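Comments concern the structure below.
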There are 6 protein chains.
Amino acid sequence: MSRDDFAPISGMVLPRFAGIATFMRLPHLSPAEAAGRAEVGLFGIPFDGATTNRPGARHGPRAVRDQSSLMRLVNGATGVAPYDLARVCDLGDVDVNPIDIADTMGRIERFVGEVVAGGIVPVAVGGDHLVSYPVLRVLGRRRPVGMVHVDAHGDTGDTYFGGQRLTHGTGFRRAIEDGVLDPRRTVQIGIRGSRYDADEYGWAVSQGVRIVDMEEVDRIGLDAVLAEARRVVGRGPTYLSFDVDALDPAYVPGTGTPEMGGFTSREALRLVRGLRGIDVVGADVVEVSPPLDPTGMTAMVGATVLFEALCLVAEALAVRRGVERAA
Amino acid sequence: MSRDDFAPISGMVLPRFAGIATFMRLPHLSPAEAAGRAEVGLFGIPFDGATTNRPGARHGPRAVRDQSSLMRLVNGATGVAPYDLARVCDLGDVDVNPIDIADTMGRIERFVGEVVAGGIVPVAVGGDHLVSYPVLRVLGRRRPVGMVHVDAHGDTGDTYFGGQRLTHGTGFRRAIEDGVLDPRRTVQIGIRGSRYDADEYGWAVSQGVRIVDMEEVDRIGLDAVLAEARRVVGRGPTYLSFDVDALDPAYVPGTGTPEMGGFTSREALRLVRGLRGIDVVGADVVEVSPPLDPTGMTAMVGATVLFEALCLVAEALAVRRGVERAA
Amino acid sequence: MSRDDFAPISGMVLPRFAGIATFMRLPHLSPAEAAGRAEVGLFGIPFDGATTNRPGARHGPRAVRDQSSLMRLVNGATGVAPYDLARVCDLGDVDVNPIDIADTMGRIERFVGEVVAGGIVPVAVGGDHLVSYPVLRVLGRRRPVGMVHVDAHGDTGDTYFGGQRLTHGTGFRRAIEDGVLDPRRTVQIGIRGSRYDADEYGWAVSQGVRIVDMEEVDRIGLDAVLAEARRVVGRGPTYLSFDVDALDPAYVPGTGTPEMGGFTSREALRLVRGLRGIDVVGADVVEVSPPLDPTGMTAMVGATVLFEALCLVAEALAVRRGVERAA
Amino acid sequence: MSRDDFAPISGMVLPRFAGIATFMRLPHLSPAEAAGRAEVGLFGIPFDGATTNRPGARHGPRAVRDQSSLMRLVNGATGVAPYDLARVCDLGDVDVNPIDIADTMGRIERFVGEVVAGGIVPVAVGGDHLVSYPVLRVLGRRRPVGMVHVDAHGDTGDTYFGGQRLTHGTGFRRAIEDGVLDPRRTVQIGIRGSRYDADEYGWAVSQGVRIVDMEEVDRIGLDAVLAEARRVVGRGPTYLSFDVDALDPAYVPGTGTPEMGGFTSREALRLVRGLRGIDVVGADVVEVSPPLDPTGMTAMVGATVLFEALCLVAEALAVRRGVERAA
Amino acid sequence: MSRDDFAPISGMVLPRFAGIATFMRLPHLSPAEAAGRAEVGLFGIPFDGATTNRPGARHGPRAVRDQSSLMRLVNGATGVAPYDLARVCDLGDVDVNPIDIADTMGRIERFVGEVVAGGIVPVAVGGDHLVSYPVLRVLGRRRPVGMVHVDAHGDTGDTYFGGQRLTHGTGFRRAIEDGVLDPRRTVQIGIRGSRYDADEYGWAVSQGVRIVDMEEVDRIGLDAVLAEARRVVGRGPTYLSFDVDALDPAYVPGTGTPEMGGFTSREALRLVRGLRGIDVVGADVVEVSPPLDPTGMTAMVGATVLFEALCLVAEALAVRRGVERAA
Amino acid sequence: MSRDDFAPISGMVLPRFAGIATFMRLPHLSPAEAAGRAEVGLFGIPFDGATTNRPGARHGPRAVRDQSSLMRLVNGATGVAPYDLARVCDLGDVDVNPIDIADTMGRIERFVGEVVAGGIVPVAVGGDHLVSYPVLRVLGRRRPVGMVHVDAHGDTGDTYFGGQRLTHGTGFRRAIEDGVLDPRRTVQIGIRGSRYDADEYGWAVSQGVRIVDMEEVDRIGLDAVLAEARRVVGRGPTYLSFDVDALDPAYVPGTGTPEMGGFTSREALRLVRGLRGIDVVGADVVEVSPPLDPTGMTAMVGATVLFEALCLVAEALAVRRGVERAA
């Protein structure tokens, strides 16, 4: 396969609504097939078994694949052309076990481990937000990564329902405890909504996590938020985790835990585009829940943010490649 | 509370769309409050964590409660007036753990145990079909019960996904293995659809379960099906388990595992009404999945079948009471 | 205007989805403009203020107009070509007062009075079922008419909510009391569902109304039902009142008071077509509620039944015309 | 019942999607049971009989109850913990008469009268906007109250349809005429849309009502709007009436009279939170219409604004209590 | 690739909602890759440019692929195991030109020509019904094929809109005129609905087409219909064309030209299964229109009928193979 | 007909949900009937045959008509009362040929030609965006017009799918090539989204088209955008073409080519209102796709923008009339 084999089918050759739905209309290869050939791998983690509220995110990857046909080749705002910068493919879905959380965590970790071992930057589509945890366990194995986390919820709770430690609201606490996520290089943007108790985010803050809640966003403005994010993560390897419920439910009705008062779509795009230059080593887009999304527009948001994340990842990869070559 | 306190609020006093939605607009009492006073208890089991396919049935009890406001007081077809025959109430929902199957099985069993210990006949609304299993474990504790099981699927598989024994497709196998369900007094009606392998129902048949699949229904007709059901369960205590996916998806789009070619609503009503005279000691209606049910008509079917099941249960109770008095 | 001016625009001239939506793509004339020229008038009564349960039928006429574009020129089953038999037009909507029942009853009666005075057979689209009452007050003014009433509910209750006499559940009782509807020439077909009390239909039966409930339909079959309907209404002038909730909710989710276990669409068509030969002097189709009808298929059923009713009315008109000419 | 008995069931004990849906998962008591014990009462007024356009708001209270399960215990933006400040419960729904406006006005007034007589601050969920009128008649009985009114429409019309004085567009004119609402202490925020005539708001302005229309909001900004609102209502007892159609239809498609160009959800939250310190003595949230709300997000907005209103009411109550104690 | 490479991924290995959606979860190969290796090829023709009424069928193949994940391995009613009988794969979609009918007809014909040249039996998913025409042009190239055509409409019109010869209502006339479809071996089942003129089907009948309209179906019953179908097509090579609008809109709301009064799903299944033994040499399922199908149940019907058609095709292939071997 | 005959039916006479749906509840006249009497004509162009992606806009005119009942008489923001300034009517729909682009272009051009010849300013509702092209061919026949074009896409592509020149993405290029649209007096506002290639808008810019993309909107603000628009179009005759996909999908989910990150509704209103004073000689609102719009709010946006465009057109007409009189 040549470089052209790792790029989308053109909408001029096959109409955009036609063809088997892969992410961005990219070729589908298994991690084994892609190893050593692809540079960025998009894949689905169709698991929502850790959802404490409304389920459905297990259907997210398929819906995002379907809507991603609307994405074209070049980023109109930044000019980035990701398929010119990297060989990209669809790696399919992780073979999750829908009714066993621990088993599934292991399966995701093995899948991502194989991807990374094959020299491929992982970009995942959830699924509920717990799926970020095993990805971080792979990426932060040698040294903890930093993270830009865009979300309405911090997901740093300890336990649910009398002791459950693995839920979609506790994943990042586990990642910090495991030493794969560096809390002092972690920034959470967009946190909002009513709380279980006044000190819900006390533990995270005590670990060094920087929380920019929605009130602060309104107060300081997006440019300052972006500057703060860059300050926190610095130059080290950084993960981008984007929960679509960061946006207001008007933009993303199809998500399990909606919170009134979120980002507009334009703010969300500015936010992701504003991360250019950070060394993004992996990313995910999670919590798209198609049964709650009658118009498909939540999945469309998911697909667009995925495209933006791909642009970040491809650029960062090109920078690292340049640095290596220079070295 | 007098007998009138265990009957629905009249639609002439409070319009049917008004008021807090309880099952049938009945009073809400906890199992502890109802013990020794109510005779039949309707309750929800909002759990779909054992679903191997499309989730959402955890939202079933609320949606069935909402639609059950459309039910009035007297069965128009049979003349049965359940609230004249028994004191009925809404017992609320079991406090399930949405992300732990085994824990939830225990919680359901404890809840139903308390209900039955309080002298109350349990009538449950799911939730996915695994929720029948712990109910059966209570009802069949002393001696195995028989069952009329209306469903598109037999739910007697052994394991899923490499060893999972507790799924919504394996509950009745577990119940038979546990000795709480008598396979020789079990009839399954409406089975259909494509199969994982040719011998999918071999184990159940070998245990003595009588399967009347949809092709047989078409061949012999409903009257013969009902006669066969009566023959199988005989005079002993019998459970009614009704999975709404027994009906065709045109009637119940809002369910997780739809199969083309199911019962019409009129057949379904004839089927349940035709069970009058059987000693029904408990019942459930399961697999209503509101996120997949934009018109609410699946929940309306659930509510109507629940009303019919309540009529069966109340009549059977009155018969048992008469027998006791006569004795 | 020539005869051709009282027929639909052809789908070969203007595509069926195009153009301003009138009933059957017919010309729109006010009752005053149509008087003495049109012979059958289709009109809307967008009123749901007498609904005791779920509202929305006020939007029925527009939705039925939209879907009626799907109707063509000739009845495929009976061969009747209504526009060859009669000059037909859309008379627009009655100028109802959405928040005053009594005022609206007067407005409907005046509108229909003008239609009938203009020599036009009235065919109405509701709105809730109370709208039939003022139509009957016009048609039965000189002598009471008979009625074929297809419905899940008898609508012969006395009062609601402490004395309300004009509701969508009491209209036909009022019509009988007023002497405009002959109960002994009235047959109600398809009645079903749970009841407020065991004797809900006692009054109607005591007046001589013949009720063929759904259980009897199942028992005796449609041919016998039709024979009985003909026997009851005989040769006298007869009104056809068709509540779409006679059909099962699978066919008509978009109606305010759905009842599980209704007619299939094929039965409904056979039922209406089977009334050929009766002297139908007016008709209505009611209770289409678009906000509850996401696919529009309930309105499509309404439009199709409206077309069938138009065929009946046009044929009966042609017969009366022939009789007059012969006389 | 202790204080804990007047607080929501925790989502850690019973998952948030489980259990009978009361407002905020609070205990349900009748006004008689709550009198002298509860301090704030949430209740529904499921009436839409005064709607001049698209109906459905009668189903609002149930849908808001369902979505209010998403609300937790502490306001994340303000830190207010309402259940620490006041004993709160769900008082059920007013027993409206869906087809008689005047009768219903009396029923609401009696219900609210009993609530207030029991020492409980009333917080209502509509229903159409006319339901505010009888609430004001109770609260302003001794002396007229002021009002912060957030809405796309002023609802100060005189009559509709040839003389109808009680409609959802005329309620506040009636309240001013009755002397229960002080127009000089009334501010209307968010008014917009096309008008029946150029002087539609002339009467209101002539009475002293301060109208901040959407163009002014855009011009002066939210901070100035809030300052103006505080200036108008001053320190006296003030009612908060929030019509969800103040928000743009993108946020609240499920409402009867949508107007393009409304508030964003973040502005709406800032607006309500910005009223802290005003002596709020009652509140309502109206015009949520579930049949027009396929994703439920309009009801979610209603539930969130209800939570914010509850925070205002509980704080104001605590302040009054403090003042009384100090006195 | 071994035989196992041409069978679906098991739902026990990868949950049925997971993975890239291909037809039946089969491997995806281009016609060139599949030539000489696969025996049956499922493919999509995402074209609705010939639709004269409501569009959307261009999205059909993707939606059918998604729902086809619900299909398992063995036909529960007939016992046929298609993947044991034939090597099957997904050939992707034809590269249609959405805005040029003639160009698209050529593209389909070339695609199917390549499929057939590769020794693969074509089974297509539409798209609108015109897509059958170029398939027939390939299959009937040497000698005209017979056809079992299940549909509400005959699709044998001459022209639309002043001369358009290629529309979704005229395809079979073109096929007969071209000599690729044998009208005397063609049976159309389920025709119904209002007509443009009384003689709409005169031409087809004059050519020898046997039309079994819905009234005849009701009169003679399905067994007689099936016997007649077998008589008409005889032993020669036969095409199966299944328009989902043959079913009633209650079962298939998501189709462009719904007609009240269609087949139930059970009748539809009996109809297709009843064609066993006919020499089916190709098949299609058309007119699934996802934008009109909010629950996805129309696509589910499409997927199930596709599975049944696959069973017919695989059996017929096995019979032909056996005959060849015996020869 | 008097001036009053060219104004909407009042919502006080006939409720707004009642009556046959014409644009703004205006009288319906054919172009021939309206010639010389009406001054502004609203009409539909129900054509989506040039759509390269998701179809459905053919149903736009009907849905916009239905929602336009919500529009009242006076613009609340600007005070403009269009029916006092001009005689307005609904001219019905162009008789498009849904399956032939070239034929339809001719039909539109003839229809608009007749409208303009009758002294009527044309205001069209699409349909897909290609429908603007034949309108421009009429309006720019003598001298090219300028244009304010609000859209997410520039629609100045050359060809699609191997040579298709007439698509909804190429219309304005054709208009510029034909010399009916002056590129140096054309401004495109709101362009955004991913691109087929980096130079997608190179041709347009080379012709002199001024593109204000969404990033520039964010950078310079709406006031500057409006100033720039006025500068570009100057005092000459100018067309307004408004594609609803200029708004964010949260506001307009029902459109064929949604792009994340669009205008809010308030910005869109400010944008159109800000064009007062420009000599608007015609306008269109396009790409409302009802099958993708379950809540109808996209059509409501279309109706509101249509009302705003009507205000612009009526004012410009009054200005021209005044100028003529003064001359």
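Letters A, B, ... mark the chains of the structure tokens in the order given; residue numbers begin at 1 per chain; ligand numbers begin at 1, in order shown.
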Near-region 141-147 of chain E list (7 Å; only C-alpha atoms; drop same-chain fewer than 5 positions) as a VMD selection string: chain E and resid 179 to 182 185 to 187 233 237 to 240
Residue list (alpha helix (DSSP H), DSSP) for region 81-312 of chain E, as a ChimeraX atom specification: /E:82-85,101-117,132-139,171-177,202-207,214-220,222-233,265-273,297-312
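CA of Arg273 (chain F) sits 28.1 Å away from CA of Ala227 (chain D).
The residue that comes closest to Asp90 (chain C), out of F:Val115, F:Leu42, F:Ala314, F:Ile20 and on the basis of only C-alpha atoms, is F:Ile20.
The residue set within 6 Å of region 254-256 of chain C, counting only C-alpha atoms and dropping same-chain residues fewer than 5 places from it, reads Arg54, Glu287, Val288, Ser289, Pro290, Leu292, Asp293 and Thr298 of chain C.
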Counting only C-alpha atoms, collect the residues of chain D whose closest atom lies at most 10 Å from chain F, and write them out as an mmCIF file with C-alpha atoms, in the first residue's frame.
data_model
loop_
_atom_site.group_PDB
_atom_site.id
_atom_site.type_symbol
_atom_site.label_atom_id
_atom_site.label_comp_id
_atom_site.auth_asym_id
_atom_site.auth_seq_id
_atom_site.Cartn_x
_atom_site.Cartn_y
_atom_site.Cartn_z
ATOM 1 C CA THR D 52 -53.708 29.633 21.878
ATOM 2 C CA ASN D 53 -51.193 27.863 19.717
ATOM 3 C CA ARG D 54 -49.523 24.436 20.087
ATOM 4 C CA THR D 159 -58.323 39.320 24.860
ATOM 5 C CA TYR D 160 -58.066 36.620 22.184
ATOM 6 C CA PHE D 161 -60.558 35.174 19.705
ATOM 7 C CA GLY D 162 -63.234 37.725 20.272
ATOM 8 C CA GLY D 163 -63.238 38.289 23.977
ATOM 9 C CA ILE D 191 -39.146 39.749 24.917
ATOM 10 C CA ARG D 192 -38.791 39.293 21.167
ATOM 11 C CA GLY D 193 -40.371 38.084 17.952
ATOM 12 C CA SER D 194 -42.884 39.424 15.497
ATOM 13 C CA ARG D 195 -45.923 41.243 16.876
ATOM 14 C CA TYR D 196 -49.632 41.421 16.220
ATOM 15 C CA ASP D 197 -49.381 45.189 16.100
ATOM 16 C CA ALA D 198 -46.805 47.870 16.701
ATOM 17 C CA ASP D 199 -48.213 48.833 20.072
ATOM 18 C CA GLU D 200 -48.546 45.336 21.484
ATOM 19 C CA ASP D 213 -36.385 43.156 25.072
ATOM 20 C CA MET D 214 -33.811 40.979 23.377
ATOM 21 C CA GLU D 215 -32.406 43.853 21.379
ATOM 22 C CA GLU D 216 -31.736 45.725 24.609
ATOM 23 C CA ASP D 218 -27.796 42.478 23.181
ATOM 24 C CA ASP D 248 -33.729 29.893 21.860
ATOM 25 C CA PRO D 249 -35.576 26.961 20.249
ATOM 26 C CA ALA D 250 -32.225 25.232 19.743
ATOM 27 C CA TYR D 251 -32.178 24.801 23.525
ATOM 28 C CA VAL D 252 -35.917 24.318 24.027
ATOM 29 C CA PRO D 253 -37.588 22.909 20.928
ATOM 30 C CA GLY D 254 -40.300 21.480 23.181
ATOM 31 C CA THR D 257 -44.680 29.212 20.942
ATOM 32 C CA PRO D 258 -41.018 29.127 19.929
ATOM 33 C CA GLU D 259 -39.337 32.359 18.808
ATOM 34 C CA MET D 260 -36.013 32.380 17.016
ATOM 35 C CA GLY D 261 -33.267 34.444 18.639
ATOM 36 C CA GLY D 262 -33.519 33.626 22.326
ATOM 37 C CA PHE D 263 -31.154 33.256 25.237
ATOM 38 C CA THR D 264 -28.439 30.651 25.294
ATOM 39 C CA PRO D 291 -44.807 15.985 22.871
ATOM 40 C CA LEU D 292 -42.675 18.546 21.010
ATOM 41 C CA ASP D 293 -39.467 17.510 22.795
ATOM 42 C CA PRO D 294 -38.154 14.247 21.349
ATOM 43 C CA THR D 295 -34.812 14.343 23.168
#
So which bits of region 66-104 of chain A end up strand (DSSP E) when you DSSP the backbone, as an mmCIF file with N, CA and C atoms, in the first residue's frame?
data_model
loop_
_atom_site.group_PDB
_atom_site.id
_atom_site.type_symbol
_atom_site.label_atom_id
_atom_site.label_comp_id
_atom_site.auth_asym_id
_atom_site.auth_seq_id
_atom_site.Cartn_x
_atom_site.Cartn_y
_atom_site.Cartn_z
ATOM 1 N N VAL A 88 -2.931 7.278 7.717
ATOM 2 C CA VAL A 88 -3.997 7.084 8.697
ATOM 3 C C VAL A 88 -4.913 5.945 8.253
ATOM 4 N N CYS A 89 -5.436 5.182 9.204
ATOM 5 C CA CYS A 89 -6.399 4.136 8.842
ATOM 6 C C CYS A 89 -7.387 3.913 9.983
ATOM 7 N N ASP A 90 -8.400 3.127 9.679
ATOM 8 C CA ASP A 90 -9.400 2.711 10.669
ATOM 9 C C ASP A 90 -9.015 1.315 11.139
ATOM 10 N N LEU A 91 -8.787 1.191 12.426
ATOM 11 C CA LEU A 91 -8.337 -0.093 12.982
ATOM 12 C C LEU A 91 -9.488 -0.969 13.459
ATOM 13 N N GLY A 92 -10.716 -0.564 13.168
ATOM 14 C CA GLY A 92 -11.845 -1.352 13.661
ATOM 15 C C GLY A 92 -12.120 -1.077 15.126
ATOM 16 N N ASP A 93 -12.866 -1.989 15.760
ATOM 17 C CA ASP A 93 -13.273 -1.801 17.158
ATOM 18 C C ASP A 93 -12.566 -2.793 18.074
#
